[in-house]
Every structure is written in structure tokens, then in C-alpha cells.
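For reference, start-v9.cif (mmCIF, C-alpha atoms (C1' of nucleotides)):
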data_final
#
loop_
_atom_site.label_atom_id
_atom_site.label_comp_id
_atom_site.auth_asym_id
_atom_site.auth_seq_id
_atom_site.Cartn_x
_atom_site.Cartn_y
_atom_site.Cartn_z
CA MET A 1 -11.25 44.73 0.38
CA ALA A 2 -10.49 41.05 0.54
CA LEU A 3 -8.02 41.89 3.26
CA ARG A 4 -10.60 43.91 5.14
CA THR A 5 -13.06 41.04 5.06
CA ALA A 6 -10.44 38.66 6.33
CA ALA A 7 -9.58 41.08 9.13
CA ILE A 8 -13.15 41.04 10.28
CA GLU A 9 -13.35 37.27 10.18
CA ARG A 10 -10.09 37.12 12.05
CA LEU A 11 -11.56 38.88 15.04
CA ALA A 12 -14.21 36.24 15.37
CA ILE A 13 -12.13 33.19 14.61
CA THR A 14 -13.13 30.09 16.50
CA ASP A 15 -10.80 27.50 17.96
CA ASP A 16 -11.96 24.96 15.42
CA ARG A 17 -11.24 27.30 12.57
CA ALA A 18 -7.82 28.11 13.98
CA SER A 19 -7.00 24.40 14.18
CA GLU A 20 -8.19 23.89 10.64
CA LEU A 21 -5.95 26.69 9.42
CA ALA A 22 -3.02 25.50 11.48
CA ASP A 23 -3.35 22.02 10.05
CA LEU A 24 -2.88 23.41 6.57
CA PHE A 25 0.12 25.49 7.53
CA ARG A 26 1.67 22.57 9.35
CA LEU A 27 1.52 20.49 6.20
CA LEU A 28 3.56 23.12 4.39
CA GLY A 29 5.85 23.32 7.40
CA ASP A 30 8.04 20.38 6.55
CA ALA A 31 10.86 20.90 4.05
CA THR A 32 10.42 17.55 2.32
CA ARG A 33 6.70 17.94 2.02
CA LEU A 34 7.01 21.53 0.83
CA LYS A 35 9.42 20.48 -1.88
CA ILE A 36 6.93 17.85 -2.99
CA VAL A 37 4.27 20.54 -3.23
CA LEU A 38 6.60 22.77 -5.22
CA ALA A 39 7.56 19.89 -7.48
CA CYS A 40 4.02 19.25 -8.60
CA MET A 41 3.00 22.89 -8.61
CA ASP A 42 4.44 23.74 -11.99
CA ALA A 43 2.91 20.82 -13.83
CA PRO A 44 1.03 17.62 -12.97
CA THR A 45 3.69 15.10 -12.00
CA ALA A 46 3.59 11.38 -11.28
CA VAL A 47 4.67 10.03 -7.90
CA GLY A 48 7.68 8.25 -9.35
CA ALA A 49 8.84 11.37 -11.16
CA ILE A 50 8.59 13.43 -7.99
CA ALA A 51 10.53 10.84 -6.05
CA GLU A 52 13.22 10.69 -8.70
CA ARG A 53 13.55 14.44 -9.07
CA LEU A 54 13.82 14.99 -5.33
CA LYS A 55 15.78 11.80 -4.72
CA LEU A 56 13.29 10.50 -2.19
CA SER A 57 11.84 7.04 -1.70
CA LEU A 58 8.54 6.24 -3.36
CA SER A 59 7.08 5.37 -0.02
CA LEU A 60 8.00 8.64 1.59
CA VAL A 61 6.61 10.69 -1.27
CA SER A 62 3.40 8.71 -1.26
CA HIS A 63 2.94 9.13 2.47
CA HIS A 64 3.33 12.88 2.17
CA LEU A 65 1.06 13.09 -0.84
CA ARG A 66 -1.67 11.32 1.04
CA LEU A 67 -1.61 14.00 3.73
CA LEU A 68 -1.47 16.80 1.17
CA ARG A 69 -4.35 15.32 -0.77
CA ALA A 70 -6.46 14.88 2.33
CA ALA A 71 -6.01 18.56 3.04
CA ARG A 72 -6.82 19.40 -0.56
CA ILE A 73 -3.49 21.07 -1.06
CA VAL A 74 -2.84 18.84 -4.04
CA ARG A 75 -5.16 16.86 -6.26
CA ALA A 76 -4.62 13.41 -7.71
CA ASP A 77 -5.49 12.34 -11.23
CA ARG A 78 -4.98 8.73 -12.20
CA GLN A 79 -3.86 8.09 -15.74
CA GLY A 80 -3.28 4.42 -16.33
CA LYS A 81 -0.85 3.03 -13.82
CA GLN A 82 0.39 6.44 -12.87
CA VAL A 83 -1.15 9.03 -10.60
CA PHE A 84 -0.43 12.63 -11.46
CA TYR A 85 -0.44 15.19 -8.70
CA SER A 86 -0.89 18.93 -9.06
CA ALA A 87 -1.71 21.94 -6.92
CA ALA A 88 -5.35 21.86 -5.91
CA ASP A 89 -6.00 25.54 -6.60
CA ASP A 90 -4.36 28.95 -6.93
CA HIS A 91 -4.50 29.82 -3.23
CA ILE A 92 -1.62 27.53 -2.42
CA SER A 93 0.64 29.00 -5.10
CA GLY A 94 -0.25 32.48 -3.91
CA ILE A 95 0.49 31.61 -0.33
CA VAL A 96 3.86 30.11 -1.16
CA SER A 97 4.70 33.13 -3.30
CA ALA A 98 3.82 35.54 -0.51
CA MET A 99 6.00 33.61 1.89
CA LEU A 100 8.86 33.72 -0.59
CA GLU A 101 8.52 37.49 -0.68
CA HIS A 102 8.50 37.60 3.09
CA VAL A 103 11.77 35.69 3.20
CA ALA A 104 13.29 37.87 0.51
CA GLU A 105 12.58 41.02 2.50
CA PRO A 106 15.54 42.97 3.84
CA ARG A 107 16.31 42.35 7.49
CA GLY A 108 15.97 45.13 10.03
CA VAL A 109 19.12 46.56 11.60
CA ASP A 110 18.32 45.25 15.06
CA ASP A 111 18.25 41.53 14.46
CA MET B 1 4.03 39.42 -12.48
CA ALA B 2 4.92 38.81 -8.90
CA LEU B 3 3.38 35.39 -9.33
CA ARG B 4 5.35 34.75 -12.50
CA THR B 5 8.60 35.67 -10.79
CA ALA B 6 7.79 33.40 -7.91
CA ALA B 7 7.00 30.60 -10.32
CA ILE B 8 10.41 30.91 -11.90
CA GLU B 9 12.13 30.94 -8.54
CA ARG B 10 10.13 27.92 -7.56
CA LEU B 11 11.64 25.85 -10.29
CA ALA B 12 15.12 26.58 -9.02
CA ILE B 13 14.42 26.47 -5.32
CA THR B 14 17.29 25.20 -3.23
CA ASP B 15 17.07 22.88 -0.27
CA ASP B 16 18.12 25.67 2.05
CA ARG B 17 15.45 27.95 0.72
CA ALA B 18 12.84 25.22 1.05
CA SER B 19 13.83 24.69 4.66
CA GLU B 20 13.68 28.40 5.34
CA LEU B 21 10.17 28.55 3.89
CA ALA B 22 9.07 25.45 5.70
CA ASP B 23 10.27 26.85 9.01
CA LEU B 24 7.96 29.82 8.58
CA PHE B 25 4.98 27.68 7.68
CA ARG B 26 5.65 25.35 10.56
CA LEU B 27 5.46 28.26 12.98
CA LEU B 28 1.97 29.03 11.72
CA GLY B 29 1.17 25.35 11.86
CA ASP B 30 0.29 25.16 15.52
CA ALA B 31 -3.20 26.21 16.60
CA THR B 32 -2.08 27.94 19.77
CA ARG B 33 0.68 29.83 18.04
CA LEU B 34 -1.56 30.76 15.14
CA LYS B 35 -4.14 32.18 17.52
CA ILE B 36 -1.41 34.24 19.14
CA VAL B 37 -0.47 35.60 15.73
CA LEU B 38 -4.09 36.40 14.98
CA ALA B 39 -4.52 38.03 18.37
CA CYS B 40 -1.79 40.57 17.79
CA MET B 41 -2.49 41.01 14.10
CA ASP B 42 -5.36 43.45 14.51
CA ALA B 43 -3.59 45.76 16.90
CA PRO B 44 -0.36 45.76 18.91
CA THR B 45 -1.06 43.76 22.04
CA ALA B 46 0.89 43.14 25.22
CA VAL B 47 1.87 39.62 26.25
CA GLY B 48 -0.41 39.64 29.27
CA ALA B 49 -3.37 40.79 27.22
CA ILE B 50 -2.83 38.02 24.68
CA ALA B 51 -2.56 35.42 27.43
CA GLU B 52 -5.72 36.67 29.08
CA ARG B 53 -7.73 36.88 25.88
CA LEU B 54 -6.73 33.39 24.79
CA LYS B 55 -6.75 31.97 28.32
CA LEU B 56 -3.18 30.75 28.08
CA SER B 57 -0.33 30.90 30.55
CA LEU B 58 2.07 33.82 30.28
CA SER B 59 4.95 31.44 29.94
CA LEU B 60 3.43 29.61 27.01
CA VAL B 61 2.58 32.80 25.18
CA SER B 62 6.05 34.17 25.76
CA HIS B 63 7.69 31.00 24.48
CA HIS B 64 5.66 31.11 21.30
CA LEU B 65 6.24 34.82 20.79
CA ARG B 66 9.96 34.28 21.00
CA LEU B 67 9.83 31.82 18.10
CA LEU B 68 7.53 34.07 16.11
CA ARG B 69 9.74 37.07 16.70
CA ALA B 70 12.88 35.17 15.72
CA ALA B 71 11.21 34.33 12.41
CA ARG B 72 10.11 37.95 12.01
CA ILE B 73 6.49 36.95 11.86
CA VAL B 74 5.75 39.36 14.67
CA ARG B 75 7.64 42.37 15.97
CA ALA B 76 8.12 43.45 19.56
CA ASP B 77 7.91 47.02 20.84
CA ARG B 78 8.67 47.68 24.47
CA GLN B 79 6.65 50.41 26.13
CA GLY B 80 7.54 50.69 29.78
CA LYS B 81 7.11 47.36 31.51
CA GLN B 82 4.99 45.98 28.74
CA VAL B 83 6.02 44.59 25.38
CA PHE B 84 3.56 45.05 22.56
CA TYR B 85 3.55 42.55 19.75
CA SER B 86 2.18 43.07 16.27
CA ALA B 87 2.38 41.50 12.83
CA ALA B 88 5.80 42.15 11.32
CA ASP B 89 4.50 43.07 7.88
CA ASP B 90 1.60 42.69 5.47
CA HIS B 91 2.77 39.42 3.97
CA ILE B 92 1.71 37.45 7.00
CA SER B 93 -1.80 38.91 7.04
CA GLY B 94 -2.09 38.22 3.33
CA ILE B 95 -0.94 34.66 3.74
CA VAL B 96 -3.39 33.98 6.54
CA SER B 97 -6.18 35.58 4.53
CA ALA B 98 -5.42 33.44 1.50
CA MET B 99 -5.45 30.32 3.63
CA LEU B 100 -8.78 31.35 5.12
CA GLU B 101 -10.16 31.60 1.59
CA HIS B 102 -8.77 28.19 0.77
CA VAL B 103 -10.56 26.70 3.74
CA ALA B 104 -13.78 28.51 2.85
CA GLU B 105 -13.80 27.02 -0.64
CA PRO B 106 -16.56 24.59 -1.51
CA ARG B 107 -15.56 20.95 -1.33
CA GLY B 108 -15.57 18.78 -4.43
CA VAL B 109 -18.22 16.10 -4.80
CA ASP B 110 -15.73 13.26 -4.45
CA ASP B 111 -14.38 13.89 -0.96
"C1'" DA C 1 -3.90 -16.31 -14.86
"C1'" DT C 2 0.61 -14.46 -14.33
"C1'" DA C 3 4.11 -11.08 -14.50
"C1'" DA C 4 5.67 -6.49 -14.18
"C1'" DC C 5 5.11 -1.81 -13.10
"C1'" DA C 6 3.18 2.10 -10.18
"C1'" DA C 7 1.51 3.54 -6.06
"C1'" DT C 8 -0.36 2.82 -1.42
"C1'" DT C 9 -0.53 1.28 3.28
"C1'" DG C 10 0.84 -0.34 8.12
"C1'" DA C 11 3.85 -0.92 11.86
"C1'" DA C 12 7.85 0.59 14.37
"C1'" DC C 13 11.53 3.69 15.54
"C1'" DA C 14 14.03 8.07 16.12
"C1'" DA C 15 13.61 12.74 16.43
"C1'" DT C 16 11.20 16.94 17.07
"C1'" DT C 17 8.08 19.80 19.49
"C1'" DG C 18 4.37 21.87 22.61
"C1'" DT C 19 3.49 22.49 27.30
"C1'" DT C 20 4.32 23.03 32.28
"C1'" DC C 21 6.71 24.43 36.43
"C1'" DA C 22 10.19 26.93 38.54
"C1'" DT C 23 13.42 30.49 38.31
"C1'" DA C 24 15.45 34.69 36.39
"C1'" DT C 25 15.64 39.20 34.07
"C1'" DG C 26 14.10 43.90 33.17
"C1'" DA C 27 11.39 48.17 34.30
"C1'" DT C 28 8.92 51.26 37.40
"C1'" DG C 29 7.44 53.36 41.83
"C1'" DG C 30 7.99 53.90 46.83
"C1'" DC D 1 17.69 49.69 47.76
"C1'" DC D 2 13.50 46.94 47.89
"C1'" DA D 3 9.08 45.48 46.23
"C1'" DT D 4 6.19 44.69 42.53
"C1'" DC D 5 4.62 44.12 38.00
"C1'" DA D 6 5.52 42.28 33.19
"C1'" DT D 7 8.01 39.34 30.47
"C1'" DA D 8 11.50 36.00 29.50
"C1'" DT D 9 14.17 31.73 30.01
"C1'" DG D 10 15.70 26.75 31.20
"C1'" DA D 11 14.95 22.09 32.10
"C1'" DA D 12 12.01 18.14 31.86
"C1'" DC D 13 8.11 15.51 30.28
"C1'" DA D 14 4.41 13.90 27.17
"C1'" DA D 15 2.85 13.81 22.73
"C1'" DT D 16 3.25 14.28 17.90
"C1'" DT D 17 5.52 13.46 13.65
"C1'" DG D 18 8.86 12.22 9.76
"C1'" DT D 19 11.13 8.35 8.00
"C1'" DT D 20 12.17 3.52 6.87
"C1'" DC D 21 11.20 -1.25 5.71
"C1'" DA D 22 8.10 -4.71 4.39
"C1'" DA D 23 3.93 -6.10 2.53
"C1'" DT D 24 -0.27 -4.91 -0.31
"C1'" DT D 25 -3.35 -3.00 -3.72
"C1'" DG D 26 -4.43 -1.50 -8.32
"C1'" DT D 27 -3.45 -1.30 -13.40
"C1'" DT D 28 -1.86 -2.88 -17.87
"C1'" DA D 29 0.08 -6.24 -21.01
"C1'" DT D 30 1.42 -11.00 -22.33
#

Translate the structure of the given file into C-alpha cells.
Amino acid sequence: MALRTAAIERLAITDDRASELADLFRLLGDATRLKIVLACMDAPTAVGAIAERLKLSLSLVSHHLRLLRAARIVRADRQGKQVFYSAADDHISGIVSAMLEHVAEPRGVDD
Amino acid sequence: MALRTAAIERLAITDDRASELADLFRLLGDATRLKIVLACMDAPTAVGAIAERLKLSLSLVSHHLRLLRAARIVRADRQGKQVFYSAADDHISGIVSAMLEHVAEPRGVDD
DNA sequence: ATAACAATTGAACAATTGTTCATATGATGG
DNA sequence: CCATCATATGAACAATTGTTCAATTGTTAT
């Protein structure tokens, strides 16, 4: 039923709404940024820890996190000097999971 | 359980797999391309019909469809001179729906 | 106040990408 | 075979975007 509702909304989607959606997808559409999302999806993680785990510069991680936070894909919680990031809600995890399933699907014979 | 499995995989995600996922998200991350996906998601639609409905050039629509088809986000079915495009599977619709819900969510007080 | 640690920000550059225009391919009917 | 319709492709340009380096802000402890 949730799918049916979405199908109806989809028919009447405005350009603004499409752009809003696209913006979110685009943020997940960079490998580095996606890995950052995945890294702080399991448990709240500090910027430095993310950078270390993924072997990325602090600056780069912070830049990406700012974009992700602005889009409410992740949320920031300051705890002393450190800022812990985590997934903003369950939609994101669900979306990533669904895409993982899509990738895992068997290829057709004609491609 | 599907979520739990995905969560486990997430911990051990490789760089290649992250890039593969990101590529898919990036394709949905352009407003024009996303509208094309939405346009042929409800029912199989010919290239010309999509272009007309969205008021885009045939060339542009075709270029985007080629990328979407290569990523198996949409599938192509030739019927005479026309080629009808439709969503490749249910994952895509589910993903778009989930993102629509994410957008529809009430904002927090502090942003 | 100062030092040290953690994270953020701004500017600049290289690389990627969306769009357009022109041309080509494939299918159908005369 | 030729003309026409429908889609696809290639090259080129403008615009966006990821990354780096340097400098800055915020927080805690001495």
C-alpha cells in the first residue's frame, strides 16, 4: 500500500520535488561519500575515526559530512571535542539495502 | 532479516562494491534523468513519448536512457520502430518511494 | 591565557558530467 | 530501392563537483 501511494504521488511529481529527490540521490552517488555514510551507519562515529578507518583526510571527510548533514542523511551529535555522526533515520539504511539487493540480482542473458 | 543481512554486508563492503552502488545512486542523482525514470516507471513508454511529456529533446532523453539501461535501472523493449522503456525491477520503485518518504518527513526544530 | 586536540571552512585546481548540435543507424511502408 | 519515422551515437562545450592545502573555529585541560 505504501508502494501504491508512492505510485500515485509519482504521477504528479513536480520539477521541484524531482530536484529535491535527485539531490539526495546525488549525495549517495559518490563512492567516497557513500562509504562515509556506511561507516557511520552501524554506530555513531567521530569524524577522526571515520577518516582513519577509510584512510581519508580529515578535511575531505568533514566536507562530505557537511553536505550529508545538510541533506539530513546523517545527524551530528557533539560530545566534548568530538562530533559523532550517525544515520539520520531508517529510510537511508533501507534505501542502501534495497540498492545492494538490486546489485546482487542475477544479470539477464542479453547484457 | 533482509535488513540484518544487508547490515552485515555493509560492515564488510569493499571499495569496488561501494563504487558499484554509488554509480547507481549517481544515475538517479540528476533531476532530468530521475524524471525520465519516473516517467517510464508507471507504464512502458516510448522515447518520443517521454521526450514530449517532459519537454526534452529526443537526443537528451536517449542519452540518459542509455546510461540507465546500462545500469539496468530501466529495460528496453523494441516494438516495431519504437522502443518502450520501463523500470527494470521493483527495487528501483521501492528505492524511489523510500526516498520520497524521507523527503516528506517533518524537519527537526534545529534546522 | 595558552597549548593541544578535534573539526570546520574557504579558495583553487583537476576531473567529471549534462546538454546541444549534427550525423548515423535501424525499422517500416510505398 | 528510397523515403520516412523513431531512436541512437559522437564530438564539443559549459557547468558542476570532488579533492587538496592552508587557515580558522570550537572545546577541554593546564

Taking the file as I've supplied it (selection: the PyMOL selection byres ((chain B) within 7 of (chain A))), which residues are included? Please answer as number ranges by chain. B: 3, 6, 10, 18-19, 21-26, 28-31, 34-35, 38, 91, 94-95, 97-100, 102

Expected answer as a short mmCIF file (atom, residue, chain, number, x, y, z; two decimals) with C-alpha atoms, in the frame of the given file: chain B residues within 12 Å of chain D, all atoms listed in the file:
data_model
loop_
_atom_site.label_atom_id
_atom_site.label_comp_id
_atom_site.auth_asym_id
_atom_site.auth_seq_id
_atom_site.Cartn_x
_atom_site.Cartn_y
_atom_site.Cartn_z
CA ASP B 30 0.29 25.16 15.52
CA ALA B 46 0.89 43.14 25.22
CA VAL B 47 1.87 39.62 26.25
CA GLY B 48 -0.41 39.64 29.27
CA ALA B 49 -3.37 40.79 27.22
CA ALA B 51 -2.56 35.42 27.43
CA SER B 57 -0.33 30.90 30.55
CA LEU B 58 2.07 33.82 30.28
CA SER B 59 4.95 31.44 29.94
CA LEU B 60 3.43 29.61 27.01
CA VAL B 61 2.58 32.80 25.18
CA SER B 62 6.05 34.17 25.76
CA HIS B 63 7.69 31.00 24.48
CA HIS B 64 5.66 31.11 21.30
CA LEU B 65 6.24 34.82 20.79
CA ARG B 66 9.96 34.28 21.00
CA ALA B 76 8.12 43.45 19.56
CA ARG B 78 8.67 47.68 24.47
CA GLN B 79 6.65 50.41 26.13
CA GLY B 80 7.54 50.69 29.78
CA LYS B 81 7.11 47.36 31.51
CA GLN B 82 4.99 45.98 28.74
CA VAL B 83 6.02 44.59 25.38
CA PHE B 84 3.56 45.05 22.56
#

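Between atom CA of Val74 of chain A and atom C1' of DT17 of chain C there is a distance of 26.0 Å.
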
Counting all atoms listed in the file, which residues of chain C fall within 8 Å of chain B, and what is the closest atom pair for each with its distance in Å at one decimal, ordered by chain and rising number, as a Markdown table?
| residue | atom | partner | partner_atom | distance |
| --- | --- | --- | --- | --- |
| C:DT19 | C1' | B:Leu60 | CA | 7.1 |
| C:DG26 | C1' | B:Lys81 | CA | 8.0 |
| C:DA27 | C1' | B:Lys81 | CA | 5.2 |
| C:DT28 | C1' | B:Lys81 | CA | 7.3 |

Length of the atom C1' of DA12 of chain C to atom CA of Leu67 of chain A vector [Å]: 19.6 Å

Moved chain B, fitted on chain A by every C-alpha in sequence order, as a PDB file with C-alpha atoms, in the coordinates of the input:
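What ended up in result-v2.pdb:
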ATOM      1  CA  MET B   1     -11.772  44.228   0.265  1.00  0.00           C
ATOM      2  CA  ALA B   2     -10.880  40.604   0.497  1.00  0.00           C
ATOM      3  CA  LEU B   3      -8.328  41.625   3.085  1.00  0.00           C
ATOM      4  CA  ARG B   4     -10.883  43.659   5.002  1.00  0.00           C
ATOM      5  CA  THR B   5     -13.291  40.740   5.095  1.00  0.00           C
ATOM      6  CA  ALA B   6     -10.565  38.460   6.310  1.00  0.00           C
ATOM      7  CA  ALA B   7      -9.646  40.961   8.988  1.00  0.00           C
ATOM      8  CA  ILE B   8     -13.181  40.951  10.302  1.00  0.00           C
ATOM      9  CA  GLU B   9     -13.326  37.179  10.312  1.00  0.00           C
ATOM     10  CA  ARG B  10     -10.029  37.119  12.101  1.00  0.00           C
ATOM     11  CA  LEU B  11     -11.431  38.941  15.056  1.00  0.00           C
ATOM     12  CA  ALA B  12     -14.116  36.321  15.491  1.00  0.00           C
ATOM     13  CA  ILE B  13     -12.084  33.265  14.640  1.00  0.00           C
ATOM     14  CA  THR B  14     -13.106  30.149  16.501  1.00  0.00           C
ATOM     15  CA  ASP B  15     -10.813  27.547  17.971  1.00  0.00           C
ATOM     16  CA  ASP B  16     -11.975  25.017  15.418  1.00  0.00           C
ATOM     17  CA  ARG B  17     -11.256  27.366  12.579  1.00  0.00           C
ATOM     18  CA  ALA B  18      -7.828  28.156  13.993  1.00  0.00           C
ATOM     19  CA  SER B  19      -7.041  24.463  14.185  1.00  0.00           C
ATOM     20  CA  GLU B  20      -8.232  23.933  10.642  1.00  0.00           C
ATOM     21  CA  LEU B  21      -5.965  26.733   9.433  1.00  0.00           C
ATOM     22  CA  ALA B  22      -3.057  25.541  11.486  1.00  0.00           C
ATOM     23  CA  ASP B  23      -3.375  22.042  10.066  1.00  0.00           C
ATOM     24  CA  LEU B  24      -2.901  23.428   6.573  1.00  0.00           C
ATOM     25  CA  PHE B  25       0.111  25.492   7.538  1.00  0.00           C
ATOM     26  CA  ARG B  26       1.647  22.585   9.373  1.00  0.00           C
ATOM     27  CA  LEU B  27       1.491  20.491   6.219  1.00  0.00           C
ATOM     28  CA  LEU B  28       3.551  23.114   4.420  1.00  0.00           C
ATOM     29  CA  GLY B  29       5.823  23.304   7.421  1.00  0.00           C
ATOM     30  CA  ASP B  30       8.021  20.360   6.582  1.00  0.00           C
ATOM     31  CA  ALA B  31      10.854  20.866   4.098  1.00  0.00           C
ATOM     32  CA  THR B  32      10.408  17.530   2.374  1.00  0.00           C
ATOM     33  CA  ARG B  33       6.680  17.940   2.037  1.00  0.00           C
ATOM     34  CA  LEU B  34       7.020  21.521   0.874  1.00  0.00           C
ATOM     35  CA  LYS B  35       9.444  20.466  -1.837  1.00  0.00           C
ATOM     36  CA  ILE B  36       6.945  17.855  -2.958  1.00  0.00           C
ATOM     37  CA  VAL B  37       4.296  20.554  -3.201  1.00  0.00           C
ATOM     38  CA  LEU B  38       6.644  22.771  -5.170  1.00  0.00           C
ATOM     39  CA  ALA B  39       7.598  19.892  -7.436  1.00  0.00           C
ATOM     40  CA  CYS B  40       4.057  19.276  -8.586  1.00  0.00           C
ATOM     41  CA  MET B  41       3.039  22.918  -8.571  1.00  0.00           C
ATOM     42  CA  ASP B  42       4.517  23.777 -11.953  1.00  0.00           C
ATOM     43  CA  ALA B  43       2.994  20.876 -13.809  1.00  0.00           C
ATOM     44  CA  PRO B  44       1.107  17.687 -12.946  1.00  0.00           C
ATOM     45  CA  THR B  45       3.723  15.136 -11.980  1.00  0.00           C
ATOM     46  CA  ALA B  46       3.596  11.426 -11.260  1.00  0.00           C
ATOM     47  CA  VAL B  47       4.677  10.057  -7.889  1.00  0.00           C
ATOM     48  CA  GLY B  48       7.693   8.287  -9.335  1.00  0.00           C
ATOM     49  CA  ALA B  49       8.855  11.404 -11.129  1.00  0.00           C
ATOM     50  CA  ILE B  50       8.619  13.460  -7.946  1.00  0.00           C
ATOM     51  CA  ALA B  51      10.548  10.838  -5.996  1.00  0.00           C
ATOM     52  CA  GLU B  52      13.242  10.689  -8.640  1.00  0.00           C
ATOM     53  CA  ARG B  53      13.585  14.440  -9.007  1.00  0.00           C
ATOM     54  CA  LEU B  54      13.828  14.983  -5.264  1.00  0.00           C
ATOM     55  CA  LYS B  55      15.793  11.786  -4.637  1.00  0.00           C
ATOM     56  CA  LEU B  56      13.286  10.484  -2.124  1.00  0.00           C
ATOM     57  CA  SER B  57      11.823   7.041  -1.627  1.00  0.00           C
ATOM     58  CA  LEU B  58       8.510   6.287  -3.304  1.00  0.00           C
ATOM     59  CA  SER B  59       7.024   5.361   0.014  1.00  0.00           C
ATOM     60  CA  LEU B  60       7.932   8.648   1.631  1.00  0.00           C
ATOM     61  CA  VAL B  61       6.580  10.685  -1.244  1.00  0.00           C
ATOM     62  CA  SER B  62       3.369   8.699  -1.266  1.00  0.00           C
ATOM     63  CA  HIS B  63       2.879   9.145   2.467  1.00  0.00           C
ATOM     64  CA  HIS B  64       3.288  12.886   2.179  1.00  0.00           C
ATOM     65  CA  LEU B  65       1.043  13.124  -0.865  1.00  0.00           C
ATOM     66  CA  ARG B  66      -1.703  11.356   1.007  1.00  0.00           C
ATOM     67  CA  LEU B  67      -1.658  14.024   3.720  1.00  0.00           C
ATOM     68  CA  LEU B  68      -1.482  16.814   1.171  1.00  0.00           C
ATOM     69  CA  ARG B  69      -4.345  15.361  -0.810  1.00  0.00           C
ATOM     70  CA  ALA B  70      -6.492  14.908   2.291  1.00  0.00           C
ATOM     71  CA  ALA B  71      -6.025  18.609   3.024  1.00  0.00           C
ATOM     72  CA  ARG B  72      -6.810  19.459  -0.600  1.00  0.00           C
ATOM     73  CA  ILE B  73      -3.469  21.121  -1.050  1.00  0.00           C
ATOM     74  CA  VAL B  74      -2.813  18.903  -4.034  1.00  0.00           C
ATOM     75  CA  ARG B  75      -5.147  16.944  -6.277  1.00  0.00           C
ATOM     76  CA  ALA B  76      -4.631  13.494  -7.734  1.00  0.00           C
ATOM     77  CA  ASP B  77      -5.486  12.445 -11.283  1.00  0.00           C
ATOM     78  CA  ARG B  78      -5.007   8.839 -12.260  1.00  0.00           C
ATOM     79  CA  GLN B  79      -3.873   8.207 -15.811  1.00  0.00           C
ATOM     80  CA  GLY B  80      -3.332   4.525 -16.398  1.00  0.00           C
ATOM     81  CA  LYS B  81      -0.906   3.120 -13.866  1.00  0.00           C
ATOM     82  CA  GLN B  82       0.365   6.518 -12.915  1.00  0.00           C
ATOM     83  CA  VAL B  83      -1.172   9.118 -10.643  1.00  0.00           C
ATOM     84  CA  PHE B  84      -0.421  12.717 -11.479  1.00  0.00           C
ATOM     85  CA  TYR B  85      -0.423  15.252  -8.700  1.00  0.00           C
ATOM     86  CA  SER B  86      -0.844  18.988  -9.052  1.00  0.00           C
ATOM     87  CA  ALA B  87      -1.654  22.010  -6.920  1.00  0.00           C
ATOM     88  CA  ALA B  88      -5.314  21.934  -5.923  1.00  0.00           C
ATOM     89  CA  ASP B  89      -5.948  25.606  -6.618  1.00  0.00           C
ATOM     90  CA  ASP B  90      -4.323  29.015  -6.937  1.00  0.00           C
ATOM     91  CA  HIS B  91      -4.468  29.859  -3.252  1.00  0.00           C
ATOM     92  CA  ILE B  92      -1.607  27.551  -2.432  1.00  0.00           C
ATOM     93  CA  SER B  93       0.672  29.010  -5.103  1.00  0.00           C
ATOM     94  CA  GLY B  94      -0.211  32.489  -3.904  1.00  0.00           C
ATOM     95  CA  ILE B  95       0.511  31.610  -0.317  1.00  0.00           C
ATOM     96  CA  VAL B  96       3.880  30.106  -1.154  1.00  0.00           C
ATOM     97  CA  SER B  97       4.727  33.118  -3.298  1.00  0.00           C
ATOM     98  CA  ALA B  98       3.855  35.528  -0.510  1.00  0.00           C
ATOM     99  CA  MET B  99       6.016  33.593   1.910  1.00  0.00           C
ATOM    100  CA  LEU B 100       8.882  33.659  -0.570  1.00  0.00           C
ATOM    101  CA  GLU B 101       8.564  37.443  -0.672  1.00  0.00           C
ATOM    102  CA  HIS B 102       8.557  37.577   3.098  1.00  0.00           C
ATOM    103  CA  VAL B 103      11.791  35.635   3.216  1.00  0.00           C
ATOM    104  CA  ALA B 104      13.329  37.815   0.510  1.00  0.00           C
ATOM    105  CA  GLU B 105      12.647  40.977   2.496  1.00  0.00           C
ATOM    106  CA  PRO B 106      15.614  42.919   3.803  1.00  0.00           C
ATOM    107  CA  ARG B 107      16.405  42.310   7.447  1.00  0.00           C
ATOM    108  CA  GLY B 108      16.153  45.110   9.981  1.00  0.00           C
ATOM    109  CA  VAL B 109      19.326  46.551  11.463  1.00  0.00           C
ATOM    110  CA  ASP B 110      18.619  45.163  14.922  1.00  0.00           C
ATOM    111  CA  ASP B 111      18.573  41.433  14.223  1.00  0.00           C
TER     112      ASP B 111
END
